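A.B. asks: What follows is a single structure, and I will ask about it in a moment.
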Amino acid sequence: MGQNRNHPPKGSIIKVEPIRRLTDIKKIRSLLKEHPRDLAIFNLGINTNLRANDLVHLKVGRVQHLQPGETLVLREKKTGKTRSITLNKTCYQSIQALLATKDMEDATDEDFLFRSRKGKKGLLPNTLNGLVRKWTKTLGLKGNYGSHSLRKTFGYIHRTVLGTDIPTLMKLFNHSTQRQTLDYLCIQPEEIRDAYMKEI
């Protein structure tokens, strides 16, 4: 069987970028305002730094009663480690708006929060990857984007806009070194350049 041209060779790494500007985040939200499922998964992705696989496996019963400031506890699919995530107001409002839709009126605690277009099946990580690519392409954003861009956007905006320090981000991403975090967020070269531009 030949190599699928749509997939990278086995073992290769494709790096995706964060969405760097708040104006672009706002544009994506505007693009998705009539699509509660997509808006909710976008908002949760950039506000929780969950990996795509963990996002698409969220169940209704785990989140439907959580209020802003309350904690979602889950076990990461990739690492097997337990994570505690505090939901903010944006996450809460997005979840409630999704659950109030006609598509979710029959949802039970065990149903997936983010359903595919085919009944009650959960959204697949590859589908989410395609959605993020579509959203960014629609806006004409230059660069390589995918589902992992949501997680990276969380860190990038926290560091460059909200001023969250590197040790805190290391903890949030479960990284072992500050360099790993800076590389991951695609901001190390920018911070080094900015440091040189500061006059003494």
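Identifiers for the structure tokens are assigned positionally: chains receive A, B, ... in sequence, residues are indexed from 1 per chain, and ligands are indexed from 1 in the order shown.
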Could you name the residues that touch Leu50 in chain A at 10 Å or less, counting only C-alpha atoms, but leaving out those on the same chain fewer than 6 positions away, as a PDB file with N, CA and C atoms, in the first residue's frame?
C.D. replies:
```pdb
ATOM      1  N   LEU A  44     -13.279  26.462  24.332  1.00  0.00           N
ATOM      2  CA  LEU A  44     -12.669  25.567  25.320  1.00  0.00           C
ATOM      3  C   LEU A  44     -11.216  25.284  24.968  1.00  0.00           C
ATOM      4  N   VAL A  56     -12.247  16.360  22.419  1.00  0.00           N
ATOM      5  CA  VAL A  56     -13.335  15.659  21.721  1.00  0.00           C
ATOM      6  C   VAL A  56     -13.926  14.522  22.543  1.00  0.00           C
ATOM      7  N   GLU A  76      -5.625  12.663  31.214  1.00  0.00           N
ATOM      8  CA  GLU A  76      -5.183  12.911  29.849  1.00  0.00           C
ATOM      9  C   GLU A  76      -4.991  11.607  29.089  1.00  0.00           C
ATOM     10  N   ARG A  83      -5.456  15.761  35.334  1.00  0.00           N
ATOM     11  CA  ARG A  83      -5.364  17.209  35.197  1.00  0.00           C
ATOM     12  C   ARG A  83      -6.569  17.859  35.837  1.00  0.00           C
ATOM     13  N   ILE A  85      -8.607  21.433  35.720  1.00  0.00           N
ATOM     14  CA  ILE A  85      -8.743  22.642  34.921  1.00  0.00           C
ATOM     15  C   ILE A  85      -9.893  23.476  35.458  1.00  0.00           C
ATOM     16  N   HIS A 148      -3.972  21.473  17.220  1.00  0.00           N
ATOM     17  CA  HIS A 148      -3.009  21.787  18.283  1.00  0.00           C
ATOM     18  C   HIS A 148      -2.774  23.293  18.408  1.00  0.00           C
ATOM     19  N   LEU A 150      -4.995  25.421  18.944  1.00  0.00           N
ATOM     20  CA  LEU A 150      -5.840  25.919  20.031  1.00  0.00           C
ATOM     21  C   LEU A 150      -5.069  25.900  21.348  1.00  0.00           C
ATOM     22  N   ARG A 151      -4.396  24.782  21.614  1.00  0.00           N
ATOM     23  CA  ARG A 151      -3.587  24.635  22.833  1.00  0.00           C
ATOM     24  C   ARG A 151      -2.430  25.634  22.848  1.00  0.00           C
ATOM     25  N   LYS A 152      -1.807  25.815  21.679  1.00  0.00           N
ATOM     26  CA  LYS A 152      -0.693  26.758  21.604  1.00  0.00           C
ATOM     27  C   LYS A 152      -1.165  28.201  21.751  1.00  0.00           C
ATOM     28  N   PHE A 154      -3.596  29.229  23.600  1.00  0.00           N
ATOM     29  CA  PHE A 154      -3.771  29.431  25.032  1.00  0.00           C
ATOM     30  C   PHE A 154      -2.477  29.961  25.651  1.00  0.00           C
ATOM     31  N   LEU A 172       1.300  24.587  33.692  1.00  0.00           N
ATOM     32  CA  LEU A 172       0.070  24.368  32.936  1.00  0.00           C
ATOM     33  C   LEU A 172       0.272  23.368  31.798  1.00  0.00           C
ATOM     34  N   PHE A 173       1.446  23.418  31.163  1.00  0.00           N
ATOM     35  CA  PHE A 173       1.723  22.528  30.036  1.00  0.00           C
ATOM     36  C   PHE A 173       2.457  21.254  30.455  1.00  0.00           C
TER      37      PHE A 173
END
```
A.B. asks: Assign secondary structure with DSSP using the backbone only, and return the residues of range 20-151 of chain A in strand (DSSP E) as a list in words.
C.D. replies: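 Taking range 20-151 of chain A and keeping strand (DSSP E) only, one gets Thr71, Leu72, Val73, Leu74, Arg75, Thr82, Arg83, Ser84, Ile85 and Thr86 of chain A.
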A.B. asks: Please run DSSP on the backbone and report, as JSON, numbers by chain, all residues within range 23-168 of chain A that come out as alpha helix (DSSP H).
C.D. replies: {"A": [23, 24, 25, 26, 27, 28, 29, 30, 31, 36, 37, 38, 39, 40, 41, 42, 43, 44, 45, 46, 47, 48, 52, 53, 54, 55, 56, 60, 61, 62, 63, 89, 90, 91, 92, 93, 94, 95, 96, 97, 98, 99, 125, 126, 127, 128, 129, 130, 131, 132, 133, 134, 135, 136, 137, 138, 148, 149, 150, 151, 152, 153, 154, 155, 156, 157, 158, 159, 160, 166, 167, 168]}
A.B. asks: Excluding Thr86 in chain A and its own-chain neighbours fewer than 6 positions away, which residues fall within 10 Å of it when counting only C-alpha atoms? Please give them as a list in words.
C.D. replies: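 Contacts, in chain order: Asn47, Thr48, Leu66, Gln67, Pro68, Gly69, Glu70, Thr71, Leu72 and Val73 of chain A.
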A.B. asks: For Asn53 in chain A, please output as a compact mmCIF listing (two decimals) with N, CA and C atoms, in the first residue's frame all residues within 8 Å (counting only C-alpha atoms; exclusion window: fewer than 3 positions along the same chain).
C.D. replies:
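So result.txt came out as:
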```txt
# COMPACT_ATOMS: atom_id res chain seq x y z
N VAL A 56 -12.25 16.36 22.42
CA VAL A 56 -13.33 15.66 21.72
C VAL A 56 -13.93 14.52 22.54
N HIS A 57 -13.23 14.09 23.61
CA HIS A 57 -13.75 13.01 24.44
C HIS A 57 -14.50 13.51 25.68
N LYS A 77 -5.48 11.58 27.87
CA LYS A 77 -5.35 10.38 27.04
C LYS A 77 -3.88 10.11 26.70
N LEU A 124 -14.16 13.55 15.89
CA LEU A 124 -12.83 12.94 15.84
C LEU A 124 -11.75 14.02 15.86
N PRO A 125 -10.57 13.72 16.45
CA PRO A 125 -9.48 14.70 16.44
C PRO A 125 -9.13 15.18 15.03
```
